[in-house]
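Asker: entry.pdb is reproduced below (PDB, C-alpha atoms).
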ATOM      1  CA  MET A   1      -5.334  14.991  25.754
ATOM      2  CA  ASN A   2      -4.459  14.177  22.156
ATOM      3  CA  TYR A   3      -1.255  15.448  20.557
ATOM      4  CA  ARG A   4      -0.255  16.276  16.992
ATOM      5  CA  VAL A   5       3.047  17.143  15.310
ATOM      6  CA  LEU A   6       3.561  20.868  14.727
ATOM      7  CA  GLY A   7       4.963  20.666  11.214
ATOM      8  CA  LYS A   8       8.715  20.995  10.688
ATOM      9  CA  THR A   9       9.260  22.020  14.303
ATOM     10  CA  GLY A  10       8.884  18.364  15.253
ATOM     11  CA  PHE A  11       7.119  19.422  18.460
ATOM     12  CA  GLU A  12       4.294  17.168  19.612
ATOM     13  CA  VAL A  13       1.685  19.620  20.864
ATOM     14  CA  SER A  14      -1.708  19.350  22.506
ATOM     15  CA  GLU A  15      -4.340  19.578  19.780
ATOM     16  CA  ILE A  16      -6.325  21.981  21.983
ATOM     17  CA  SER A  17      -3.766  24.404  23.361
ATOM     18  CA  LEU A  18      -3.979  27.900  24.842
ATOM     19  CA  GLY A  19      -4.008  31.382  23.352
ATOM     20  CA  THR A  20      -3.302  34.227  25.768
ATOM     21  CA  TRP A  21      -4.671  37.390  24.182
ATOM     22  CA  GLN A  22      -7.056  37.924  27.142
ATOM     23  CA  VAL A  23      -5.394  35.631  29.679
ATOM     24  CA  GLY A  24      -5.155  38.357  32.337
ATOM     25  CA  GLY A  25      -8.898  38.959  32.393
ATOM     26  CA  LYS A  26     -11.608  40.124  30.063
ATOM     27  CA  TRP A  27     -10.669  42.313  27.102
ATOM     28  CA  GLY A  28     -10.254  45.905  28.192
ATOM     29  CA  SER A  29      -9.724  45.141  31.872
ATOM     30  CA  LYS A  30      -6.537  45.683  33.864
ATOM     31  CA  PHE A  31      -4.135  42.751  33.611
ATOM     32  CA  ASP A  32      -4.448  40.423  36.592
ATOM     33  CA  HIS A  33      -1.277  38.346  37.048
ATOM     34  CA  SER A  34      -2.870  36.102  39.667
ATOM     35  CA  LEU A  35      -5.738  35.266  37.310
ATOM     36  CA  ALA A  36      -3.340  34.738  34.416
ATOM     37  CA  GLU A  37      -1.281  32.308  36.469
ATOM     38  CA  SER A  38      -4.368  30.321  37.478
ATOM     39  CA  ILE A  39      -5.489  30.043  33.837
ATOM     40  CA  ILE A  40      -2.091  28.968  32.540
ATOM     41  CA  ARG A  41      -1.511  26.494  35.362
ATOM     42  CA  GLU A  42      -4.965  24.972  34.833
ATOM     43  CA  ALA A  43      -4.115  24.418  31.181
ATOM     44  CA  ILE A  44      -0.717  22.891  31.928
ATOM     45  CA  ASP A  45      -2.109  20.653  34.667
ATOM     46  CA  ARG A  46      -4.642  19.300  32.176
ATOM     47  CA  GLY A  47      -2.064  18.395  29.555
ATOM     48  CA  VAL A  48      -1.703  21.551  27.467
ATOM     49  CA  ASN A  49       1.929  21.785  26.364
ATOM     50  CA  PHE A  50       1.767  24.622  23.818
ATOM     51  CA  ILE A  51       0.997  28.235  24.735
ATOM     52  CA  ASP A  52       0.779  31.145  22.311
ATOM     53  CA  THR A  53       1.352  34.755  23.329
ATOM     54  CA  ALA A  54       2.617  38.012  21.791
ATOM     55  CA  ASP A  55       4.658  41.025  22.798
ATOM     56  CA  VAL A  56       1.653  43.333  22.337
ATOM     57  CA  TYR A  57      -0.759  41.334  24.489
ATOM     58  CA  SER A  58      -1.376  43.617  27.474
ATOM     59  CA  ASP A  59       1.815  45.518  26.631
ATOM     60  CA  GLY A  60       4.074  42.569  27.377
ATOM     61  CA  GLU A  61       2.349  41.441  30.566
ATOM     62  CA  SER A  62       1.041  38.296  28.880
ATOM     63  CA  GLU A  63       4.573  37.219  27.958
ATOM     64  CA  LYS A  64       5.734  37.804  31.535
ATOM     65  CA  ALA A  65       2.863  35.746  32.926
ATOM     66  CA  VAL A  66       3.383  32.891  30.470
ATOM     67  CA  GLY A  67       7.115  32.744  31.107
ATOM     68  CA  LYS A  68       6.700  32.759  34.887
ATOM     69  CA  ALA A  69       3.945  30.133  34.936
ATOM     70  CA  VAL A  70       5.801  27.789  32.608
ATOM     71  CA  ARG A  71       9.051  28.079  34.575
ATOM     72  CA  GLU A  72       7.349  27.477  37.906
ATOM     73  CA  SER A  73       5.334  24.520  36.608
ATOM     74  CA  GLY A  74       8.467  22.545  35.743
ATOM     75  CA  ALA A  75       6.530  20.981  32.842
ATOM     76  CA  SER A  76       7.774  20.597  29.302
ATOM     77  CA  VAL A  77       5.791  23.324  27.552
ATOM     78  CA  ARG A  78       6.523  24.913  24.191
ATOM     79  CA  VAL A  79       5.989  28.674  24.092
ATOM     80  CA  ALA A  80       5.274  30.679  20.957
ATOM     81  CA  THR A  81       5.276  34.445  20.833
ATOM     82  CA  LYS A  82       4.987  37.083  18.110
ATOM     83  CA  CYS A  83       6.646  40.296  17.025
ATOM     84  CA  GLY A  84       6.015  43.216  14.702
ATOM     85  CA  ARG A  85       2.717  44.664  15.851
ATOM     86  CA  GLN A  86       4.502  47.213  18.015
ATOM     87  CA  ILE A  87       5.549  49.031  14.842
ATOM     88  CA  ASN A  88       3.561  52.275  14.707
ATOM     89  CA  PRO A  89       2.340  53.137  12.197
ATOM     90  CA  HIS A  90       2.070  49.471  11.299
ATOM     91  CA  VAL A  91       3.357  49.746   7.724
ATOM     92  CA  ASN A  92       5.842  47.919   5.539
ATOM     93  CA  LYS A  93       8.679  50.417   5.880
ATOM     94  CA  GLY A  94       8.606  50.065   9.655
ATOM     95  CA  TYR A  95       9.744  46.456   9.309
ATOM     96  CA  THR A  96      13.530  46.243   9.399
ATOM     97  CA  PRO A  97      15.812  43.427  10.572
ATOM     98  CA  GLU A  98      17.160  45.672  13.320
ATOM     99  CA  VAL A  99      13.712  46.538  14.694
ATOM    100  CA  LEU A 100      12.547  42.917  14.710
ATOM    101  CA  ARG A 101      15.766  41.747  16.341
ATOM    102  CA  GLY A 102      15.151  44.253  19.121
ATOM    103  CA  TYR A 103      11.644  42.902  19.664
ATOM    104  CA  VAL A 104      12.973  39.347  19.916
ATOM    105  CA  GLU A 105      15.519  40.443  22.519
ATOM    106  CA  ASP A 106      12.767  42.122  24.533
ATOM    107  CA  SER A 107      10.566  39.019  24.377
ATOM    108  CA  LEU A 108      13.433  36.856  25.601
ATOM    109  CA  MET A 109      13.721  39.052  28.682
ATOM    110  CA  ARG A 110       9.976  39.130  29.404
ATOM    111  CA  LEU A 111       9.643  35.368  28.951
ATOM    112  CA  GLY A 112      12.707  34.776  31.115
ATOM    113  CA  THR A 113      14.354  32.416  28.645
ATOM    114  CA  ASP A 114      17.494  32.201  26.528
ATOM    115  CA  CYS A 115      15.721  30.755  23.494
ATOM    116  CA  ILE A 116      12.199  31.116  22.092
ATOM    117  CA  ASP A 117      10.638  27.879  20.822
ATOM    118  CA  LEU A 118       8.652  29.644  18.098
ATOM    119  CA  ILE A 119       8.736  33.307  17.098
ATOM    120  CA  GLN A 120       6.054  34.476  14.670
ATOM    121  CA  LEU A 121       5.733  37.574  12.536
ATOM    122  CA  HIS A 122       2.501  39.091  13.824
ATOM    123  CA  CYS A 123       0.188  39.742  10.866
ATOM    124  CA  PRO A 124       2.589  42.029   9.006
ATOM    125  CA  PRO A 125       1.480  44.123   6.005
ATOM    126  CA  THR A 126       1.298  42.055   2.827
ATOM    127  CA  GLU A 127       4.387  43.761   1.359
ATOM    128  CA  VAL A 128       6.577  42.298   4.104
ATOM    129  CA  TYR A 129       6.073  38.787   2.718
ATOM    130  CA  TYR A 130       7.962  39.871  -0.400
ATOM    131  CA  ARG A 131      11.115  40.916   1.488
ATOM    132  CA  PRO A 132      13.605  38.040   1.867
ATOM    133  CA  GLU A 133      15.853  40.080   4.160
ATOM    134  CA  ILE A 134      13.156  40.070   6.832
ATOM    135  CA  PHE A 135      12.877  36.290   6.823
ATOM    136  CA  GLY A 136      16.647  35.914   6.552
ATOM    137  CA  GLU A 137      17.180  37.792   9.810
ATOM    138  CA  PHE A 138      15.482  34.963  11.692
ATOM    139  CA  ASP A 139      18.002  32.476  10.298
ATOM    140  CA  LYS A 140      20.677  34.590  11.974
ATOM    141  CA  LEU A 141      18.732  34.607  15.232
ATOM    142  CA  LYS A 142      18.433  30.825  15.037
ATOM    143  CA  GLN A 143      22.163  30.450  14.430
ATOM    144  CA  GLU A 144      22.753  32.602  17.506
ATOM    145  CA  GLY A 145      20.568  30.271  19.583
ATOM    146  CA  LYS A 146      17.934  32.891  20.346
ATOM    147  CA  ILE A 147      15.077  31.145  18.545
ATOM    148  CA  LEU A 148      14.363  27.566  17.489
ATOM    149  CA  ASN A 149      11.742  28.195  14.821
ATOM    150  CA  LEU A 150      10.117  30.924  12.748
ATOM    151  CA  GLY A 151       6.419  31.097  11.967
ATOM    152  CA  VAL A 152       3.951  33.663  10.689
ATOM    153  CA  SER A 153       0.538  34.773  11.817
ATOM    154  CA  VAL A 154      -1.490  35.877   8.806
ATOM    155  CA  GLU A 155      -4.740  37.612   7.954
ATOM    156  CA  LYS A 156      -5.160  36.310   4.403
ATOM    157  CA  VAL A 157      -4.809  32.979   2.656
ATOM    158  CA  GLU A 158      -2.670  34.629  -0.020
ATOM    159  CA  GLU A 159      -0.218  35.803   2.638
ATOM    160  CA  ALA A 160       0.012  32.280   4.015
ATOM    161  CA  ILE A 161       0.746  30.874   0.566
ATOM    162  CA  LYS A 162       3.498  33.430   0.031
ATOM    163  CA  ALA A 163       4.987  32.891   3.485
ATOM    164  CA  ILE A 164       5.556  29.165   3.068
ATOM    165  CA  GLU A 165       7.726  29.832   0.028
ATOM    166  CA  TYR A 166      10.405  30.646   2.607
ATOM    167  CA  GLY A 167      12.007  27.415   3.744
ATOM    168  CA  ASN A 168      12.550  28.630   7.292
ATOM    169  CA  VAL A 169       8.833  29.204   7.918
ATOM    170  CA  THR A 170       7.800  26.194   9.991
ATOM    171  CA  THR A 171       4.283  27.219  11.048
ATOM    172  CA  VAL A 172       1.374  29.390   9.964
ATOM    173  CA  GLN A 173      -1.160  30.749  12.410
ATOM    174  CA  ILE A 174      -4.452  31.449  10.668
ATOM    175  CA  ILE A 175      -8.133  32.004  11.401
ATOM    176  CA  TYR A 176     -10.185  28.931  10.576
ATOM    177  CA  ASN A 177     -13.584  27.964  11.952
ATOM    178  CA  ILE A 178     -17.138  27.147  10.902
ATOM    179  CA  PHE A 179     -17.535  30.807   9.876
ATOM    180  CA  ARG A 180     -14.123  31.031   8.112
ATOM    181  CA  GLN A 181     -13.684  28.058   5.824
ATOM    182  CA  ARG A 182     -11.675  29.362   2.869
ATOM    183  CA  PRO A 183      -8.217  28.295   4.188
ATOM    184  CA  HIS A 184      -9.205  24.674   3.655
ATOM    185  CA  GLU A 185      -9.801  25.133  -0.082
ATOM    186  CA  ARG A 186      -6.165  25.277  -1.193
ATOM    187  CA  PHE A 187      -3.854  26.328   1.559
ATOM    188  CA  PHE A 188      -4.193  23.367   3.905
ATOM    189  CA  SER A 189      -3.018  20.911   1.252
ATOM    190  CA  MET A 190      -0.104  23.195   0.336
ATOM    191  CA  ALA A 191       0.941  23.403   3.994
ATOM    192  CA  ARG A 192       0.787  19.615   4.292
ATOM    193  CA  GLU A 193       3.039  19.175   1.264
ATOM    194  CA  LYS A 194       5.642  21.521   2.790
ATOM    195  CA  LYS A 195       5.240  20.040   6.289
ATOM    196  CA  VAL A 196       4.195  23.395   7.706
ATOM    197  CA  GLY A 197       2.348  23.259  11.026
ATOM    198  CA  LEU A 198      -1.053  24.932  11.217
ATOM    199  CA  ILE A 199      -2.005  26.824  14.373
ATOM    200  CA  ILE A 200      -5.673  27.803  14.358
ATOM    201  CA  ARG A 201      -6.669  31.015  16.097
ATOM    202  CA  VAL A 202     -10.107  32.610  16.672
ATOM    203  CA  PRO A 203     -11.648  29.109  16.592
ATOM    204  CA  LEU A 204     -14.885  30.290  18.215
ATOM    205  CA  ALA A 205     -15.235  33.468  16.119
ATOM    206  CA  SER A 206     -14.578  35.703  19.151
ATOM    207  CA  GLY A 207     -17.086  33.725  21.182
ATOM    208  CA  LEU A 208     -19.946  33.739  18.680
ATOM    209  CA  LEU A 209     -19.569  29.996  18.211
ATOM    210  CA  SER A 210     -19.842  29.421  21.937
ATOM    211  CA  GLY A 211     -23.565  29.890  21.437
ATOM    212  CA  LYS A 212     -23.741  32.032  24.583
ATOM    213  CA  PHE A 213     -24.358  35.437  22.980
ATOM    214  CA  GLY A 214     -27.658  37.004  22.044
ATOM    215  CA  PRO A 215     -29.141  40.249  20.687
ATOM    216  CA  ASP A 216     -28.957  41.811  24.149
ATOM    217  CA  THR A 217     -25.339  40.850  24.888
ATOM    218  CA  ARG A 218     -23.245  43.921  25.670
ATOM    219  CA  PHE A 219     -19.471  44.172  25.424
ATOM    220  CA  ALA A 220     -17.272  46.542  27.409
ATOM    221  CA  PRO A 221     -15.866  49.605  25.588
ATOM    222  CA  GLY A 222     -12.354  48.154  25.859
ATOM    223  CA  ASP A 223     -13.420  44.877  24.220
ATOM    224  CA  HIS A 224     -12.581  44.590  20.510
ATOM    225  CA  ARG A 225     -16.004  43.035  20.005
ATOM    226  CA  PHE A 226     -17.364  46.459  20.890
ATOM    227  CA  PHE A 227     -14.969  48.794  19.065
ATOM    228  CA  ASN A 228     -13.594  46.814  16.121
ATOM    229  CA  ARG A 229     -16.603  45.290  14.377
ATOM    230  CA  ASN A 230     -15.948  47.459  11.331
ATOM    231  CA  GLY A 231     -12.168  47.144  11.469
ATOM    232  CA  LEU A 232     -11.492  50.640  12.804
ATOM    233  CA  PHE A 233      -8.414  49.574  14.786
ATOM    234  CA  PHE A 234      -7.206  46.347  13.134
ATOM    235  CA  ASP A 235      -8.411  43.846  10.569
ATOM    236  CA  LYS A 236     -12.116  43.266  11.149
ATOM    237  CA  GLY A 237     -11.615  39.591  10.394
ATOM    238  CA  GLU A 238     -10.144  39.259  13.888
ATOM    239  CA  THR A 239     -13.521  40.238  15.374
ATOM    240  CA  PHE A 240     -16.318  37.661  14.980
ATOM    241  CA  SER A 241     -14.267  36.359  11.998
ATOM    242  CA  GLY A 242     -15.575  39.367  10.063
ATOM    243  CA  VAL A 243     -19.164  38.106  10.201
ATOM    244  CA  PRO A 244     -21.836  40.738  10.997
ATOM    245  CA  TYR A 245     -22.997  40.088  14.547
ATOM    246  CA  GLU A 246     -26.696  39.649  13.767
ATOM    247  CA  THR A 247     -25.897  37.286  10.885
ATOM    248  CA  GLY A 248     -23.687  35.274  13.180
ATOM    249  CA  LEU A 249     -26.463  34.918  15.748
ATOM    250  CA  ARG A 250     -28.846  33.664  13.100
ATOM    251  CA  ALA A 251     -26.321  31.105  11.871
ATOM    252  CA  VAL A 252     -25.569  30.005  15.429
ATOM    253  CA  ALA A 253     -29.266  29.339  16.039
ATOM    254  CA  ARG A 254     -29.310  27.052  13.003
ATOM    255  CA  LEU A 255     -26.182  25.253  14.208
ATOM    256  CA  LYS A 256     -27.624  24.672  17.672
ATOM    257  CA  ALA A 257     -30.689  23.046  16.159
ATOM    258  CA  LEU A 258     -28.501  20.333  14.609
ATOM    259  CA  PHE A 259     -27.485  18.840  17.971
ATOM    260  CA  PRO A 260     -29.147  17.628  21.173
ATOM    261  CA  GLU A 261     -30.297  20.482  23.390
ATOM    262  CA  ASN A 262     -27.513  20.333  25.984
ATOM    263  CA  THR A 263     -24.626  19.995  23.522
ATOM    264  CA  PRO A 264     -22.068  22.803  24.097
ATOM    265  CA  LEU A 265     -21.719  24.537  20.746
ATOM    266  CA  ALA A 266     -18.107  25.416  21.559
ATOM    267  CA  HIS A 267     -17.292  21.712  21.642
ATOM    268  CA  VAL A 268     -18.933  21.275  18.250
ATOM    269  CA  ALA A 269     -16.948  24.177  16.825
ATOM    270  CA  LEU A 270     -13.590  22.983  18.151
ATOM    271  CA  GLN A 271     -14.058  19.388  17.089
ATOM    272  CA  TRP A 272     -15.188  20.515  13.631
ATOM    273  CA  ILE A 273     -11.780  22.188  13.197
ATOM    274  CA  LEU A 274      -9.981  19.045  14.335
ATOM    275  CA  LEU A 275     -11.675  17.051  11.567
ATOM    276  CA  SER A 276      -8.946  18.521   9.333
ATOM    277  CA  GLU A 277      -5.853  16.353   9.752
ATOM    278  CA  GLU A 278      -3.653  19.207   8.520
ATOM    279  CA  VAL A 279      -4.424  21.180  11.677
ATOM    280  CA  SER A 280      -1.695  20.868  14.297
ATOM    281  CA  CYS A 281      -3.445  22.644  17.147
ATOM    282  CA  ILE A 282      -6.153  25.116  18.117
ATOM    283  CA  ILE A 283      -5.434  28.014  20.481
ATOM    284  CA  PRO A 284      -8.724  29.153  22.021
ATOM    285  CA  GLY A 285      -8.369  31.883  24.606
ATOM    286  CA  ALA A 286      -9.632  31.786  28.166
ATOM    287  CA  SER A 287     -10.413  34.481  30.717
ATOM    288  CA  SER A 288     -10.865  32.002  33.587
ATOM    289  CA  PRO A 289      -9.825  28.470  34.586
ATOM    290  CA  ASP A 290     -13.428  27.405  33.970
ATOM    291  CA  GLN A 291     -13.090  28.426  30.336
ATOM    292  CA  VAL A 292      -9.949  26.333  30.049
ATOM    293  CA  ARG A 293     -11.809  23.312  31.368
ATOM    294  CA  SER A 294     -14.726  24.004  29.040
ATOM    295  CA  ASN A 295     -12.492  24.249  25.978
ATOM    296  CA  LEU A 296     -10.651  21.044  26.821
ATOM    297  CA  GLY A 297     -13.987  19.331  27.372
ATOM    298  CA  ALA A 298     -14.417  19.365  23.596
ATOM    299  CA  ALA A 299     -12.417  16.130  23.566
ATOM    300  CA  ASP A 300     -15.513  14.389  24.977
ATOM    301  CA  PHE A 301     -17.688  15.412  22.036
ATOM    302  CA  ILE A 302     -19.317  12.468  20.258
ATOM    303  CA  ASP A 303     -18.407  12.120  16.587
ATOM    304  CA  PHE A 304     -20.368  14.000  13.952
ATOM    305  CA  THR A 305     -22.846  12.238  11.726
ATOM    306  CA  ILE A 306     -22.593  12.700   7.980
ATOM    307  CA  GLU A 307     -25.913  14.542   8.093
ATOM    308  CA  GLN A 308     -24.601  17.011  10.677
ATOM    309  CA  ILE A 309     -21.480  17.739   8.624
ATOM    310  CA  ARG A 310     -23.592  18.416   5.553
ATOM    311  CA  ALA A 311     -25.935  20.645   7.528
ATOM    312  CA  ILE A 312     -23.024  22.674   8.924
ATOM    313  CA  ASP A 313     -21.785  23.168   5.366
ATOM    314  CA  GLU A 314     -25.259  24.364   4.355
ATOM    315  CA  VAL A 315     -25.294  26.964   7.124
ATOM    316  CA  TYR A 316     -21.956  28.285   5.924
ATOM    317  CA  GLU A 317     -22.939  28.297   2.254
ATOM    318  CA  GLU A 318     -26.246  30.060   2.863
ATOM    319  CA  GLU A 319     -25.534  32.433   5.743
ATOM    320  CA  ILE A 320     -21.798  33.179   5.817
ATOM    321  CA  LYS A 321     -20.000  32.476   2.550
ATOM    322  CA  PRO A 322     -21.576  35.252   0.447
ATOM    323  CA  LEU A 323     -20.434  37.856   2.998
ATOM    324  CA  VAL A 324     -16.873  36.876   3.914
ATOM    325  CA  HIS A 325     -15.465  34.012   1.856
ATOM    326  CA  GLN A 326     -13.373  36.037  -0.591
ATOM    327  CA  LEU A 327     -12.257  38.711   1.880
ATOM    328  CA  TRP A 328      -9.573  36.661   3.629
TER
END
Translate the structure described by the file into structure tokens.

Answerer:
Amino acid sequence: MNYRVLGKTGFEVSEISLGTWQVGGKWGSKFDHSLAESIIREAIDRGVNFIDTADVYSDGESEKAVGKAVRESGASVRVATKCGRQINPHVNKGYTPEVLRGYVEDSLMRLGTDCIDLIQLHCPPTEVYYRPEIFGEFDKLKQEGKILNLGVSVEKVEEAIKAIEYGNVTTVQIIYNIFRQRPHERFFSMAREKKVGLIIRVPLASGLLSGKFGPDTRFAPGDHRFFNRNGLFFDKGETFSGVPYETGLRAVARLKALFPENTPLAHVALQWILLSEEVSCIIPGASSPDQVRSNLGAADFIDFTIEQIRAIDEVYEEEIKPLVHQLW
């Protein structure tokens, strides 16, 4: 396992870490604590020392599972969680220091800890980034010893740029992958200058970049890849990185053709992200221990050739960029 510094936090974290949106099973299924424990323990046993969760993942069950598994492992693991998405309706005026403080207190209890390593605002409405009192509340929580660091999870590059104007923002979690390349244009260099850690989510474009889907693939009704392709329930950029499914399949076919037949495309996709030195870590999800092992196997990927890098860029420019580049 390779490790990188997570910005101003000073944490040295596994460059391929673990996201726990679907850690208790497949999206839409009942949360399975036994399965969640096996996934988290597999990751920890293989050197993962950074785990990302959120209070809304399976209505708090993900936080409980992460906290329990980390405590029982006895390993030194940094845990990040998120707050704010419980606000309903999810609008600017729902964000108050008092409400967010309550969410942090609840997360502390579910995680079974006295202090959260990293708390992140969970994709708040854009207006929230213009309210200093919201960010100031987390300084108070830090002074009280309830959190160590504040970060943000964003939908748009512009939100990320605004967020790092606040000196107490230590990390930004953002979507970045072969199908979502805009963050690298300006934001990555700005984050580097401010020593802000970059946590990359949706690295496989909701599984599209695993190369395992096809025209006949069917997703369960409770899976966001079934019900949120047009953004009916949350930002559509969270589902297949906002790329139309059929377009994504066509682009994936072109990507596969660039590498030897048995090359796992997921390994290509993860290592492509790690080419950017500004990236601190990637947090692919896993719904089984096998998926954890597969994701971590990306470390064995042989280096890209210059020709392959150029060809990947061509796929993006021709297939993806005209449809999504300016949206996020």

Asker: On this file, the PyMOL selection byres ((chain A and resi 300) around 12) gives some set of residues; write that set as a PyMOL selection string.

Answerer: chain A and resi 1-2+263-264+266-268+270-271+293-299+301-303

Asker: Find the residues of region 234-305 of chain A that sit at most 12 Å from region 48-67 of chain A; for each, write down the nearest two atoms and how far apart they are in Å, to one decimal. Count only C-alpha atoms. Sort by chain, then by number going up, and give it as a Markdown table.

Answerer:
| residue | atom | partner | partner_atom | distance |
| --- | --- | --- | --- | --- |
| A:Ser280 | CA | A:Phe50 | CA | 10.8 |
| A:Cys281 | CA | A:Phe50 | CA | 8.7 |
| A:Ile282 | CA | A:Phe50 | CA | 9.8 |
| A:Ile283 | CA | A:Asp52 | CA | 7.2 |
| A:Pro284 | CA | A:Asp52 | CA | 9.7 |
| A:Gly285 | CA | A:Asp52 | CA | 9.5 |
| A:Ala286 | CA | A:Ile51 | CA | 11.7 |
| A:Val292 | CA | A:Val48 | CA | 9.9 |
| A:Arg293 | CA | A:Val48 | CA | 11.0 |
| A:Asn295 | CA | A:Val48 | CA | 11.2 |
| A:Leu296 | CA | A:Val48 | CA | 9.0 |

Asker: Quick one: which residues end up in the PyMOL selection byres ((chain A and resi 42) around 12) for this structure, as number ranges by chain?

Answerer: A: 17-18, 23, 35-41, 43-49, 69-70, 73, 286-296

Asker: Compile the contact shell of region 239-247 of chain A as a PyMOL selection string: residues with an atom at most 7 Å away, counting only C-alpha atoms, same-chain residues fewer than 5 positions apart removed.

Answerer: chain A and resi 179-180+205-206+208+224-225+228-229+324

Asker: Between CA of Lys93 (chain A) and CA of Thr20 (chain A), what distance in Å does the model show, to one decimal?

Answerer: 28.3 Å

Asker: Going by the chain IDs and residue numbers used in this file, which residues fall under the PyMOL selection byres ((chain A and resi 146-159) around 9)? Write them as a ChimeraX atom specification.

Answerer: /A:8-9,82,104-105,108,114-124,126,129,135,138-145,160-164,168-175,182-183,186-187,197,199,235,237-238,327-328

Asker: Can you sort out the box for region 212-215 of chain A, edges along x, y and z, all listed atoms in, 4 Å on every side, with centre and edge lengths in Å to one decimal, as lines of an AutoDock Vina configuration file?

Answerer:
center_x = -26.4
center_y = 36.1
center_z = 22.6
size_x = 13.4
size_y = 16.2
size_z = 11.9

Asker: Quick one: residues within 8 Å of (-2.9, 19.3, 4.7) (file frame), counting all atoms listed in the file, please, as a ChimeraX atom specification.

Answerer: /A:187-193,276-279

Asker: In Å, how far is it from CA of Tyr95 (chain A) to CA of Ile134 (chain A)?

Answerer: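 That distance, rounded to one decimal, is 7.7 Å.
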
Asker: Separation of CA of Gln22 (chain A) and CA of Gly211 (chain A), in Å?

Answerer: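 Separation of CA of Gln22 (chain A) and CA of Gly211 (chain A): 19.2 Å.
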
Asker: Which residue is closest to Leu6 (chain A)? Choose from A:Ile320, A:Ile200, A:Met109, A:Ile178 and count only C-alpha atoms.

Answerer: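 The shortest atom-to-atom distance to Leu6 (chain A) comes from A:Ile200.
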
Asker: Given the choices A:Arg201, A:Tyr3, A:Phe226, A:Gln181, which gets closest to Asp313 (chain A) if the distance is worked out from all atoms listed in the file?

Answerer: A:Gln181

Asker: Pick from A:Ala311, A:Pro125, A:Lys68, A:Phe31: nearest to Arg85 (chain A), with only C-alpha atoms counted?

Answerer: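 When distances to Arg85 (chain A) are compared using only C-alpha atoms, the smallest one comes from A:Pro125.
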